[in-house]
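S.K.: Got final12.txt for you, compact mmCIF, C-alpha atoms and all ligand atoms:
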# COMPACT_ATOMS: atom_id res chain seq x y z
CA MET A 1 79.28 112.79 107.71
CA GLN A 2 81.74 115.51 108.68
CA SER A 3 85.13 116.76 107.60
CA ARG A 4 87.77 119.34 108.40
CA ILE A 5 89.79 120.20 105.32
CA ALA A 6 91.51 123.23 103.75
CA ASN A 7 89.15 124.01 100.88
CA PRO A 8 86.15 121.91 99.76
CA SER A 9 86.00 123.69 96.39
CA LEU A 10 89.26 121.97 95.31
CA TYR A 11 87.38 118.72 94.69
CA PRO A 12 87.27 118.88 90.82
CA GLN A 13 91.10 118.91 90.68
CA GLY A 14 91.12 116.19 93.34
CA GLU A 15 88.84 114.05 91.20
CA LYS A 16 91.23 114.38 88.23
CA SER A 17 94.16 113.38 90.44
CA TYR A 18 92.17 110.44 91.82
CA ARG A 19 91.43 109.26 88.26
CA TRP A 20 95.09 109.60 87.27
CA ALA A 21 96.15 107.44 90.21
CA TYR A 22 93.29 104.97 89.64
CA ASN A 23 94.37 104.42 86.04
CA ASN A 24 97.92 103.70 87.20
CA MET A 25 97.12 101.34 90.08
CA PRO A 26 95.96 98.22 88.22
CA THR A 27 96.69 95.73 91.01
CA LEU A 28 94.71 97.64 93.61
CA VAL A 29 91.83 98.20 91.20
CA ARG A 30 91.67 94.46 90.43
CA VAL A 31 91.74 93.59 94.14
CA ILE A 32 88.90 96.05 94.82
CA GLU A 33 86.85 94.68 91.91
CA LYS A 34 87.44 91.11 93.02
CA LEU A 35 86.23 91.80 96.58
CA SER A 36 83.52 94.38 96.03
CA ASP A 37 80.60 91.99 95.29
CA LYS A 38 80.85 90.32 98.70
CA LYS A 39 81.21 93.64 100.58
CA PRO A 40 83.46 92.04 103.25
CA LEU A 41 83.75 95.30 105.22
CA LYS A 42 80.01 96.01 105.33
CA GLY A 43 79.10 98.16 108.33
CA LYS A 44 82.66 98.36 109.62
CA CYS A 45 84.11 101.65 110.83
CA ILE A 46 87.72 102.20 109.76
CA ALA A 47 90.09 104.90 111.01
CA ALA A 48 92.95 105.52 108.59
CA CYS A 49 95.96 107.65 109.47
CA LEU A 50 97.69 107.77 106.09
CA HIS A 51 99.33 110.37 103.86
CA VAL A 52 96.38 111.97 102.10
CA THR A 53 97.57 111.57 98.51
CA LYS A 54 96.01 110.67 95.19
CA GLU A 55 97.19 107.07 95.69
CA THR A 56 95.61 106.90 99.13
CA SER A 57 92.34 108.15 97.64
CA VAL A 58 92.12 105.00 95.49
CA LEU A 59 92.57 102.86 98.61
CA ILE A 60 90.02 104.84 100.61
CA MET A 61 87.40 104.71 97.85
CA GLY A 62 88.09 100.97 97.68
CA LEU A 63 87.47 100.56 101.41
CA LYS A 64 84.16 102.37 100.94
CA LYS A 65 83.26 100.13 98.00
CA LEU A 66 83.80 97.09 100.22
CA GLY A 67 81.18 98.48 102.59
CA SER A 68 83.02 100.40 105.31
CA GLU A 69 82.68 103.91 106.67
CA VAL A 70 86.08 105.63 106.68
CA TYR A 71 87.54 108.33 108.92
CA LEU A 72 90.79 109.69 107.51
CA ALA A 73 93.55 111.78 109.13
CA ALA A 74 96.99 112.63 107.74
CA ALA A 75 100.14 110.71 108.65
CA ASN A 76 102.23 113.88 108.49
CA PRO A 77 101.33 117.56 109.03
CA LEU A 78 102.87 118.55 105.69
CA SER A 79 101.97 115.71 103.31
CA THR A 80 98.26 116.25 102.61
CA GLN A 81 97.21 117.00 99.04
CA ASP A 82 94.34 119.41 99.73
CA ASP A 83 92.55 118.71 96.44
CA ILE A 84 92.44 115.01 97.31
CA ALA A 85 91.13 115.75 100.81
CA ALA A 86 88.36 117.82 99.15
CA TYR A 87 87.54 115.07 96.66
CA LEU A 88 87.32 112.38 99.35
CA ALA A 89 85.15 114.61 101.54
CA SER A 90 82.83 115.17 98.54
CA GLN A 91 82.51 111.39 98.24
CA GLY A 92 81.33 110.87 101.81
CA VAL A 93 84.64 110.12 103.50
CA ASN A 94 85.14 111.81 106.90
CA VAL A 95 88.42 113.64 106.28
CA PHE A 96 90.34 115.55 108.95
CA ALA A 97 93.49 116.71 107.17
CA TRP A 98 95.03 119.73 105.53
CA ARG A 99 98.55 120.69 104.46
CA GLY A 100 100.39 122.67 107.11
CA GLU A 101 98.71 121.41 110.28
CA SER A 102 100.41 122.39 113.53
CA ILE A 103 101.54 119.48 115.69
CA ASN A 104 98.56 120.04 118.02
CA GLU A 105 96.14 120.09 115.10
CA TYR A 106 97.77 116.96 113.67
CA PHE A 107 97.16 114.99 116.88
CA ASP A 108 93.69 116.51 117.28
CA CYS A 109 92.77 115.11 113.86
CA ILE A 110 94.05 111.69 114.93
CA ARG A 111 91.98 111.90 118.13
CA THR A 112 88.93 112.88 116.07
CA ILE A 113 89.12 109.76 113.88
CA LEU A 114 89.61 107.60 116.99
CA ARG A 115 86.54 109.15 118.64
CA ALA A 116 84.51 107.57 115.80
CA LYS A 117 85.12 104.22 117.62
CA PRO A 118 86.81 102.43 114.72
CA GLU A 119 86.88 98.63 114.52
CA VAL A 120 89.96 98.67 112.30
CA VAL A 121 92.85 101.16 112.53
CA MET A 122 95.14 101.64 109.53
CA ASP A 123 98.30 103.59 110.17
CA ASP A 124 101.51 104.87 108.63
CA GLY A 125 104.06 105.57 111.36
CA SER A 126 101.86 104.39 114.28
CA ASP A 127 100.86 107.78 115.68
CA ALA A 128 97.23 106.59 115.59
CA HIS A 129 98.01 103.20 117.19
CA VAL A 130 100.11 104.83 119.92
CA THR A 131 97.54 107.61 120.59
CA LEU A 132 94.84 104.95 120.84
CA HIS A 133 96.91 102.93 123.31
CA GLU A 134 97.70 106.00 125.42
CA GLU A 135 94.38 107.85 125.39
CA PHE A 136 91.51 105.57 124.30
CA SER A 137 91.21 102.74 126.76
CA ASN A 138 87.53 102.17 125.88
CA LEU A 139 87.87 101.09 122.25
CA ASN A 140 87.16 97.60 121.03
CA VAL A 141 89.35 97.17 117.97
CA ILE A 142 89.31 94.05 115.77
CA GLY A 143 92.78 94.79 114.43
CA GLY A 144 95.13 97.22 112.77
CA THR A 145 97.60 97.57 109.96
CA GLU A 146 100.88 99.44 109.76
CA GLU A 147 102.40 100.72 106.54
CA THR A 148 105.96 101.66 107.41
CA THR A 149 109.20 100.42 109.00
CA THR A 150 109.20 103.04 111.77
CA GLY A 151 105.61 102.19 112.74
CA VAL A 152 106.35 98.47 112.89
CA ILE A 153 109.28 99.14 115.25
CA ARG A 154 106.98 101.09 117.59
CA LEU A 155 104.32 98.36 117.52
CA LYS A 156 106.88 95.64 118.22
CA ALA A 157 107.94 97.66 121.28
CA LEU A 158 104.30 97.72 122.44
CA GLU A 159 104.05 93.98 121.81
CA LYS A 160 107.27 93.33 123.75
CA ALA A 161 105.93 95.35 126.68
CA GLN A 162 102.75 93.18 126.46
CA ARG A 163 100.69 96.30 125.93
CA LEU A 164 99.45 95.69 122.40
CA ARG A 165 95.66 95.60 122.61
CA TYR A 166 94.77 94.08 119.22
CA PRO A 167 96.43 92.14 116.39
CA VAL A 168 98.29 94.27 113.86
CA ILE A 169 99.45 93.28 110.40
CA ALA A 170 102.81 94.75 109.45
CA VAL A 171 102.04 95.60 105.83
CA ASN A 172 105.55 97.04 105.61
CA ASN A 173 107.00 93.55 105.95
CA ALA A 174 105.30 92.09 102.88
CA TYR A 175 107.77 91.31 100.09
CA THR A 176 105.44 93.11 97.69
CA LYS A 177 105.80 96.17 99.92
CA PHE A 178 109.39 96.58 100.99
CA LEU A 179 111.05 95.26 97.82
CA PHE A 180 109.23 97.78 95.65
CA ASP A 181 107.75 100.64 97.70
CA ASN A 182 110.67 101.10 100.10
CA ARG A 183 113.29 100.63 97.38
CA TYR A 184 111.97 101.88 94.03
CA GLY A 185 109.22 104.09 95.45
CA THR A 186 111.40 106.00 97.90
CA GLY A 187 114.42 105.88 95.61
CA GLN A 188 112.58 107.73 92.86
CA SER A 189 110.30 109.96 94.91
CA THR A 190 113.06 111.26 97.21
CA PHE A 191 114.90 112.60 94.17
CA ASP A 192 111.59 113.84 92.80
CA GLY A 193 111.28 115.92 95.99
CA ILE A 194 114.87 117.16 95.99
CA LEU A 195 114.71 118.07 92.30
CA ARG A 196 111.36 119.85 92.52
CA ALA A 197 112.59 121.80 95.54
CA THR A 198 116.08 122.71 94.32
CA SER A 199 116.05 122.38 90.51
CA LEU A 200 119.76 121.46 90.75
CA LEU A 201 121.87 118.93 88.85
CA ILE A 202 122.65 115.61 90.52
CA ALA A 203 125.29 114.41 88.04
CA GLY A 204 128.80 114.92 89.37
CA LYS A 205 127.63 115.66 92.90
CA LYS A 206 128.63 113.62 95.93
CA VAL A 207 125.49 112.22 97.50
CA VAL A 208 125.83 110.88 101.05
CA VAL A 209 123.16 108.32 101.96
CA CYS A 210 122.78 107.60 105.69
CA GLY A 211 121.30 104.14 106.13
CA TYR A 212 121.43 101.17 103.75
CA GLY A 213 118.13 99.45 104.48
CA TRP A 214 115.68 99.01 101.59
CA VAL A 215 115.03 102.75 101.44
CA GLY A 216 118.71 103.70 101.55
CA LYS A 217 119.48 101.11 98.88
CA GLY A 218 116.85 102.58 96.58
CA ILE A 219 118.15 106.11 97.11
CA ALA A 220 121.79 105.09 96.55
CA MET A 221 120.82 103.20 93.39
CA ARG A 222 118.90 106.15 91.93
CA ALA A 223 121.63 108.64 92.93
CA ARG A 224 124.15 106.55 90.99
CA GLY A 225 121.75 106.36 88.04
CA LEU A 226 121.58 110.16 87.98
CA GLY A 227 125.37 110.39 87.77
CA ALA A 228 126.25 111.08 91.39
CA ILE A 229 129.22 109.72 93.32
CA VAL A 230 127.57 107.92 96.22
CA ILE A 231 128.89 107.53 99.77
CA VAL A 232 126.98 105.28 102.19
CA CYS A 233 127.14 105.69 105.99
CA GLU A 234 126.00 102.71 108.08
CA VAL A 235 126.18 101.39 111.65
CA ASP A 236 125.42 97.76 110.74
CA PRO A 237 128.51 95.88 109.48
CA LEU A 238 126.40 93.58 107.26
CA LYS A 239 124.68 96.45 105.50
CA ALA A 240 127.92 98.41 105.27
CA LEU A 241 129.60 95.46 103.59
CA GLU A 242 126.67 95.02 101.25
CA ALA A 243 126.90 98.70 100.27
CA ARG A 244 130.61 98.30 99.58
CA MET A 245 130.03 95.19 97.43
CA ASP A 246 127.26 97.06 95.60
CA GLY A 247 130.04 99.43 94.57
CA PHE A 248 129.54 102.39 96.91
CA GLU A 249 132.08 104.18 99.07
CA VAL A 250 131.47 103.45 102.75
CA LYS A 251 132.76 105.66 105.54
CA PRO A 252 131.68 107.32 108.81
CA LEU A 253 129.49 110.39 108.50
CA MET A 254 132.14 112.52 110.20
CA GLU A 255 134.41 111.89 107.19
CA ALA A 256 131.67 111.99 104.56
CA ALA A 257 130.51 115.32 106.01
CA GLU A 258 133.54 117.10 104.53
CA GLU A 259 132.98 115.72 101.03
CA GLY A 260 129.25 115.54 100.40
CA ASP A 261 127.10 117.95 98.40
CA ILE A 262 123.74 116.36 99.19
CA PHE A 263 123.00 114.41 102.39
CA ILE A 264 119.96 112.14 102.62
CA THR A 265 118.91 110.33 105.81
CA ALA A 266 117.06 107.02 105.61
CA THR A 267 117.77 105.31 108.91
CA GLY A 268 114.63 105.49 111.07
CA GLN A 269 116.99 106.73 113.80
CA THR A 270 117.11 110.00 115.69
CA LYS A 271 119.74 112.77 115.35
CA VAL A 272 121.75 111.11 112.60
CA ILE A 273 123.02 114.39 111.13
CA ARG A 274 124.08 116.56 114.08
CA MET A 275 125.79 119.95 114.47
CA GLU A 276 129.20 118.29 114.75
CA HIS A 277 128.64 116.97 111.20
CA ILE A 278 126.97 120.09 109.84
CA GLU A 279 129.83 122.34 111.00
CA ARG A 280 132.27 120.28 108.92
CA MET A 281 130.19 120.44 105.75
CA LYS A 282 131.04 122.48 102.66
CA ASN A 283 129.27 125.74 101.92
CA GLY A 284 125.93 125.24 100.13
CA VAL A 285 125.19 121.61 101.01
CA ILE A 286 121.67 120.23 100.83
CA LEU A 287 120.14 118.21 103.66
CA ALA A 288 117.10 116.03 103.05
CA ASN A 289 115.34 113.36 105.05
CA ALA A 290 113.61 110.31 103.58
CA GLY A 291 112.70 108.69 106.92
CA HIS A 292 109.18 108.77 108.34
CA PHE A 293 109.81 111.18 111.23
CA ASP A 294 111.55 114.56 111.21
CA VAL A 295 114.07 113.43 113.82
CA GLU A 296 116.94 112.25 111.61
CA ILE A 297 118.42 115.71 111.02
CA ASP A 298 118.94 117.73 114.20
CA VAL A 299 116.86 120.67 113.00
CA ALA A 300 116.33 122.05 116.52
CA ASN A 301 120.04 122.66 116.99
CA LEU A 302 120.47 123.83 113.41
CA LYS A 303 117.88 126.52 114.19
CA LYS A 304 119.50 127.31 117.53
CA PHE A 305 123.04 127.68 116.25
CA ALA A 306 122.34 129.35 112.89
CA GLU A 307 122.92 133.11 112.69
CA ASN A 308 120.25 133.52 110.09
CA LYS A 309 117.45 131.55 108.54
CA GLY A 310 115.03 132.07 105.66
CA GLU A 311 113.08 130.33 102.89
CA VAL A 312 114.92 130.73 99.60
CA ARG A 313 112.58 128.57 97.53
CA LYS A 314 109.42 126.64 98.32
CA TYR A 315 110.46 123.83 100.68
CA VAL A 316 114.11 125.04 100.81
CA GLU A 317 115.28 126.83 103.95
CA GLU A 318 118.69 128.47 104.09
CA TYR A 319 120.60 128.40 107.38
CA VAL A 320 123.68 130.62 107.73
CA LEU A 321 126.07 129.19 110.31
CA LYS A 322 128.42 131.12 112.58
CA ASN A 323 131.33 129.96 110.40
CA GLY A 324 129.66 131.76 107.46
CA LYS A 325 128.70 128.59 105.61
CA ARG A 326 125.21 128.11 104.21
CA VAL A 327 123.19 124.92 104.59
CA TYR A 328 119.94 124.21 102.73
CA LEU A 329 117.27 122.10 104.39
CA ILE A 330 114.50 120.47 102.33
CA GLY A 331 110.94 120.46 103.69
CA GLN A 332 111.91 121.35 107.29
CA GLY A 333 113.63 117.97 107.60
CA ARG A 334 110.32 116.17 107.14
CA ILE A 335 109.89 113.28 104.70
CA ALA A 336 111.09 114.99 101.49
CA ASN A 337 109.27 112.87 98.93
CA LEU A 338 105.85 113.65 100.38
CA VAL A 339 106.51 117.26 101.35
CA ALA A 340 108.31 118.53 98.26
CA ALA A 341 106.85 116.02 95.77
CA GLU A 342 103.80 113.74 95.67
CA GLY A 343 105.19 110.69 97.46
CA HIS A 344 105.70 107.34 95.76
CA PRO A 345 104.35 106.84 92.27
CA PRO A 346 100.96 105.14 91.92
CA GLU A 347 102.40 101.95 90.42
CA VAL A 348 104.24 101.04 93.66
CA MET A 349 101.52 102.28 95.99
CA SER A 350 99.24 99.94 94.04
CA LEU A 351 101.13 96.99 95.53
CA SER A 352 101.47 98.40 99.04
CA PHE A 353 97.82 99.37 99.24
CA SER A 354 96.66 96.01 97.81
CA ASN A 355 98.41 94.50 100.82
CA GLN A 356 96.68 97.06 103.06
CA LEU A 357 93.24 96.31 101.67
CA MET A 358 93.60 92.54 101.73
CA SER A 359 95.07 92.68 105.25
CA VAL A 360 92.07 94.68 106.52
CA VAL A 361 89.69 92.11 105.00
CA TYR A 362 91.80 89.31 106.54
CA LEU A 363 91.58 90.93 109.99
CA VAL A 364 87.80 91.30 109.74
CA GLU A 365 87.32 87.75 108.45
CA ASN A 366 89.50 86.40 111.27
CA GLU A 367 87.96 88.48 114.05
CA GLY A 368 88.61 86.90 117.45
CA LYS A 369 91.00 84.28 116.04
CA LEU A 370 94.23 86.27 116.20
CA GLU A 371 96.37 87.13 119.21
CA ASN A 372 97.41 90.65 120.19
CA ARG A 373 100.63 90.43 118.21
CA VAL A 374 102.35 92.00 115.25
CA TYR A 375 101.80 89.64 112.31
CA ASN A 376 103.43 89.59 108.91
CA VAL A 377 101.14 89.80 105.90
CA PRO A 378 100.03 86.22 105.18
CA ILE A 379 102.27 84.85 102.40
CA ASP A 380 99.22 83.93 100.27
CA ILE A 381 98.24 87.60 100.16
CA ASP A 382 101.79 88.62 99.29
CA ARG A 383 101.95 86.08 96.43
CA GLU A 384 98.53 87.06 95.15
CA VAL A 385 99.57 90.71 95.00
CA ALA A 386 102.67 89.72 93.00
CA GLN A 387 100.67 87.44 90.70
CA ILE A 388 97.98 90.03 89.97
CA THR A 389 100.69 92.63 89.29
CA LEU A 390 102.44 90.32 86.81
CA GLU A 391 99.12 89.66 85.08
CA ALA A 392 98.39 93.39 84.91
CA MET A 393 101.81 93.88 83.33
CA GLY A 394 101.14 91.09 80.82
CA ILE A 395 104.00 88.95 82.15
CA ASN A 396 103.72 85.15 82.22
CA ILE A 397 106.07 83.04 84.29
CA ASP A 398 107.08 79.36 84.27
CA ARG A 399 105.52 76.69 86.48
CA LEU A 400 107.26 73.76 88.14
CA THR A 401 106.57 70.37 86.51
CA GLU A 402 105.18 67.52 88.66
CA GLU A 403 108.68 65.98 88.58
CA GLN A 404 110.25 69.22 89.83
CA ILE A 405 107.72 69.55 92.67
CA GLU A 406 108.58 66.01 93.75
CA TYR A 407 112.33 66.70 93.36
CA ALA A 408 112.09 69.77 95.59
CA GLN A 409 110.57 67.65 98.36
CA SER A 410 112.96 64.71 98.18
CA TRP A 411 116.41 63.91 99.58
CA VAL A 412 117.29 61.83 96.51
CA VAL A 413 119.24 63.75 93.82
N1 LIG A 501 103.95 106.94 101.26
C1 LIG A 501 104.88 107.22 100.34
N2 LIG A 501 104.33 107.64 99.19
C2 LIG A 501 102.99 107.65 99.38
C3 LIG A 501 101.90 107.99 98.55
N3 LIG A 501 102.07 108.40 97.30
N4 LIG A 501 100.68 107.87 99.09
C4 LIG A 501 100.52 107.46 100.35
N5 LIG A 501 101.51 107.11 101.17
C5 LIG A 501 102.75 107.21 100.69
Will you turn the file into structure tokens for me?
M.R.:
Amino acid sequence: MQSRIANPSLYPQGEKSYRWAYNNMPTLVRVIEKLSDKKPLKGKCIAACLHVTKETSVLIMGLKKLGSEVYLAAANPLSTQDDIAAYLASQGVNVFAWRGESINEYFDCIRTILRAKPEVVMDDGSDAHVTLHEEFSNLNVIGGTEETTTGVIRLKALEKAQRLRYPVIAVNNAYTKFLFDNRYGTGQSTFDGILRATSLLIAGKKVVVCGYGWVGKGIAMRARGLGAIVIVCEVDPLKALEARMDGFEVKPLMEAAEEGDIFITATGQTKVIRMEHIERMKNGVILANAGHFDVEIDVANLKKFAENKGEVRKYVEEYVLKNGKRVYLIGQGRIANLVAAEGHPPEVMSLSFSNQLMSVVYLVENEGKLENRVYNVPIDIDREVAQITLEAMGINIDRLTEEQIEYAQSWVV
């Protein structure tokens, strides 16, 4: 067992954080308990490239309980909770992650977990899957999972190019993932990040949300709940119309740029907020990104064209433009909820990670039976996650009668 982490002595705080998350992730805990007797992952080596958070620690300890050996690297150079890394390392997990890795160190950590010759690869953003495909031609992988929208897009591109080397389950596409994690998880935690970083009032501000997918919807909804006037920018006419009917202003970013106080990107696209937008913005605006990669705000050009730059608060950088205006960037344009806060709350990660865990077991149990494709989470797993969550919340629901089941299958009214 080996690890490379910031500070092993942080493990007592990490253990407390692990317990806090554990006590607030009832679905995942039930799934682990249900599967742990059979040890379905016995002897399997798993490489996980995930944000190293207290919620992830519950998943990783669960994977161990089901019998596997886990190698863990971070899914972002700035998202690791060092106390959690220390706790997991103290529990026999091979952890290669610390907050503030350079880009080279970040990819070195990913390479290290791949050198362990994993049979299953779990990823968030697909840096591990892509590195494996580009640099590790010798590995024999049973299958992989992918946690996020951006990662699924990359894997589908590999599949389309007929280069995908093993089956991957798109955990992101489970209903019990995107409906809750992407929407309520990111909606709340993005504001958690912005508020912790800035300590400013949201009420009365104009919040511009770029992108109206599930993440953008969650952010727009929470911005409205906090008293903001919300403007949505979209490229897809369906989503733009939906945003309008949900009661938001919809306009091009070039126009919204002049009005907004806080700009949040959630598109999965590159260079969404560019200098031509930034130059039009008011003095003192805040820029934050909620997408997986730090490509949505054109930080490189912001750095290049700013006269001056400096950190004014933790995770808040001030850029002074040539026109004299000041722009504040949260967390270097990286995913704000994980950099400036602690990521999604445990209750939503409980659902997402139940899908992760059950998908890994599914891959192992179906070894050799699946094609090298990107699969959705089997609907039975999705339903089970929802059912266990309802039970944990003490919520009963109705059942169809025999007559209704028959009615639903018949052409006679
Ligand atoms: N992605 C978003 N929030 C997260 C969290 N709390 N833990 C792991 N991955 C996350």
S.K.: Between atom CA of Asp108 of chain A and atom CA of Tyr315 of chain A, measure the distance and give it in Å to one decimal.
M.R.: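 Value for the atom CA of Asp108 of chain A-atom CA of Tyr315 of chain A distance: 24.7 Å.
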S.K.: List as a PDB file with C-alpha atoms, in the frame of the given file the protein and nucleic acid residues near Ile113 of chain A, meaning an atom at most 7 Å away when all atoms listed in the file are counted, but skip any in the same chain fewer than 5 places from it.
M.R.:
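As written to disk, selection_10.pdb reads:
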ATOM      1  CA  ALA A  47      90.090 104.900 111.010  1.00  0.00           C
ATOM      2  CA  TYR A  71      87.540 108.330 108.920  1.00  0.00           C
ATOM      3  CA  LEU A  72      90.790 109.690 107.510  1.00  0.00           C
ATOM      4  CA  ALA A  73      93.550 111.780 109.130  1.00  0.00           C
TER       5      ALA A  73
END
S.K.: 8 Å from ligand LIG 501 (chain A) is the threshold here; counting all atoms listed in the file, which polymer residues fall inside it? Answer as a VMD selection string.
M.R.: chain A and resid 50 to 56 124 181 185 to 186 189 337 to 338 342 to 346 349
S.K.: Just to confirm, what's the straight-line distance from atom CA of Asp382 of chain A to atom CA of Tyr175 of chain A in Å (one decimal)?
M.R.: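 Here the two named atoms are 6.6 Å from each other.
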S.K.: For each of A:Pro167, A:Gly92, A:Pro40, A:Gly62, take the minimum atom-to-atom distance to Val374 of chain A, counting all atoms listed in the file, then give the residue where this is smallest.
M.R.: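 Among the listed residues, the smallest separation from Val374 of chain A belongs to A:Pro167.
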S.K.: Please, what distance in Å, to one decimal, runs between atom CA of Tyr18 of chain A and atom CA of Thr80 of chain A?
M.R.: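 That distance, rounded to one decimal, is 13.7 Å.
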S.K.: So, counting all atoms listed in the file, which residue among A:Ile142, A:Ile397, A:Leu88, A:Glu279 is closest to Tyr362 of chain A?
M.R.: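 Closest residue, counting all atoms listed in the file: A:Ile142.
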S.K.: Choose the residue, out of A:Glu147, A:Arg326, A:Ile335, A:Glu318, that has the smallest atom-to-atom separation from Glu296 of chain A; count only C-alpha atoms.
M.R.: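 Counting only C-alpha atoms, the residue closest to Glu296 of chain A is A:Ile335.
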S.K.: Reconstruct N, CA, C and O atoms of segment 217-228 of chain A; output as an mmCIF file, in the coordinates of the input.
M.R.:
data_model
loop_
_atom_site.group_PDB
_atom_site.id
_atom_site.type_symbol
_atom_site.label_atom_id
_atom_site.label_comp_id
_atom_site.auth_asym_id
_atom_site.auth_seq_id
_atom_site.Cartn_x
_atom_site.Cartn_y
_atom_site.Cartn_z
ATOM 1 N N LYS A 217 119.014 101.786 100.106
ATOM 2 C CA LYS A 217 119.480 101.110 98.880
ATOM 3 C C LYS A 217 118.852 101.731 97.645
ATOM 4 O O LYS A 217 119.525 101.955 96.638
ATOM 5 N N GLY A 218 117.548 101.986 97.731
ATOM 6 C CA GLY A 218 116.850 102.580 96.580
ATOM 7 C C GLY A 218 117.388 103.961 96.271
ATOM 8 O O GLY A 218 117.584 104.318 95.109
ATOM 9 N N ILE A 219 117.655 104.741 97.318
ATOM 10 C CA ILE A 219 118.150 106.110 97.110
ATOM 11 C C ILE A 219 119.561 106.073 96.508
ATOM 12 O O ILE A 219 119.868 106.795 95.549
ATOM 13 N N ALA A 220 120.408 105.193 97.058
ATOM 14 C CA ALA A 220 121.790 105.090 96.550
ATOM 15 C C ALA A 220 121.782 104.666 95.079
ATOM 16 O O ALA A 220 122.534 105.205 94.245
ATOM 17 N N MET A 221 120.909 103.708 94.764
ATOM 18 C CA MET A 221 120.820 103.200 93.390
ATOM 19 C C MET A 221 120.402 104.312 92.418
ATOM 20 O O MET A 221 120.983 104.488 91.350
ATOM 21 N N ARG A 222 119.394 105.081 92.816
ATOM 22 C CA ARG A 222 118.900 106.150 91.930
ATOM 23 C C ARG A 222 119.903 107.308 91.851
ATOM 24 O O ARG A 222 120.045 107.922 90.806
ATOM 25 N N ALA A 223 120.616 107.571 92.958
ATOM 26 C CA ALA A 223 121.630 108.640 92.930
ATOM 27 C C ALA A 223 122.711 108.265 91.917
ATOM 28 O O ALA A 223 123.139 109.093 91.105
ATOM 29 N N ARG A 224 123.123 107.004 91.949
ATOM 30 C CA ARG A 224 124.150 106.550 90.990
ATOM 31 C C ARG A 224 123.618 106.680 89.559
ATOM 32 O O ARG A 224 124.321 107.121 88.657
ATOM 33 N N GLY A 225 122.352 106.284 89.376
ATOM 34 C CA GLY A 225 121.750 106.360 88.040
ATOM 35 C C GLY A 225 121.701 107.785 87.509
ATOM 36 O O GLY A 225 121.720 108.005 86.299
ATOM 37 N N LEU A 226 121.623 108.752 88.414
ATOM 38 C CA LEU A 226 121.580 110.160 87.980
ATOM 39 C C LEU A 226 122.978 110.751 87.817
ATOM 40 O O LEU A 226 123.126 111.935 87.550
ATOM 41 N N GLY A 227 123.999 109.915 88.019
ATOM 42 C CA GLY A 227 125.370 110.390 87.770
ATOM 43 C C GLY A 227 126.102 110.892 88.987
ATOM 44 O O GLY A 227 127.156 111.523 88.864
ATOM 45 N N ALA A 228 125.576 110.623 90.176
ATOM 46 C CA ALA A 228 126.250 111.080 91.390
ATOM 47 C C ALA A 228 127.331 110.085 91.826
ATOM 48 O O ALA A 228 127.284 108.914 91.465
#
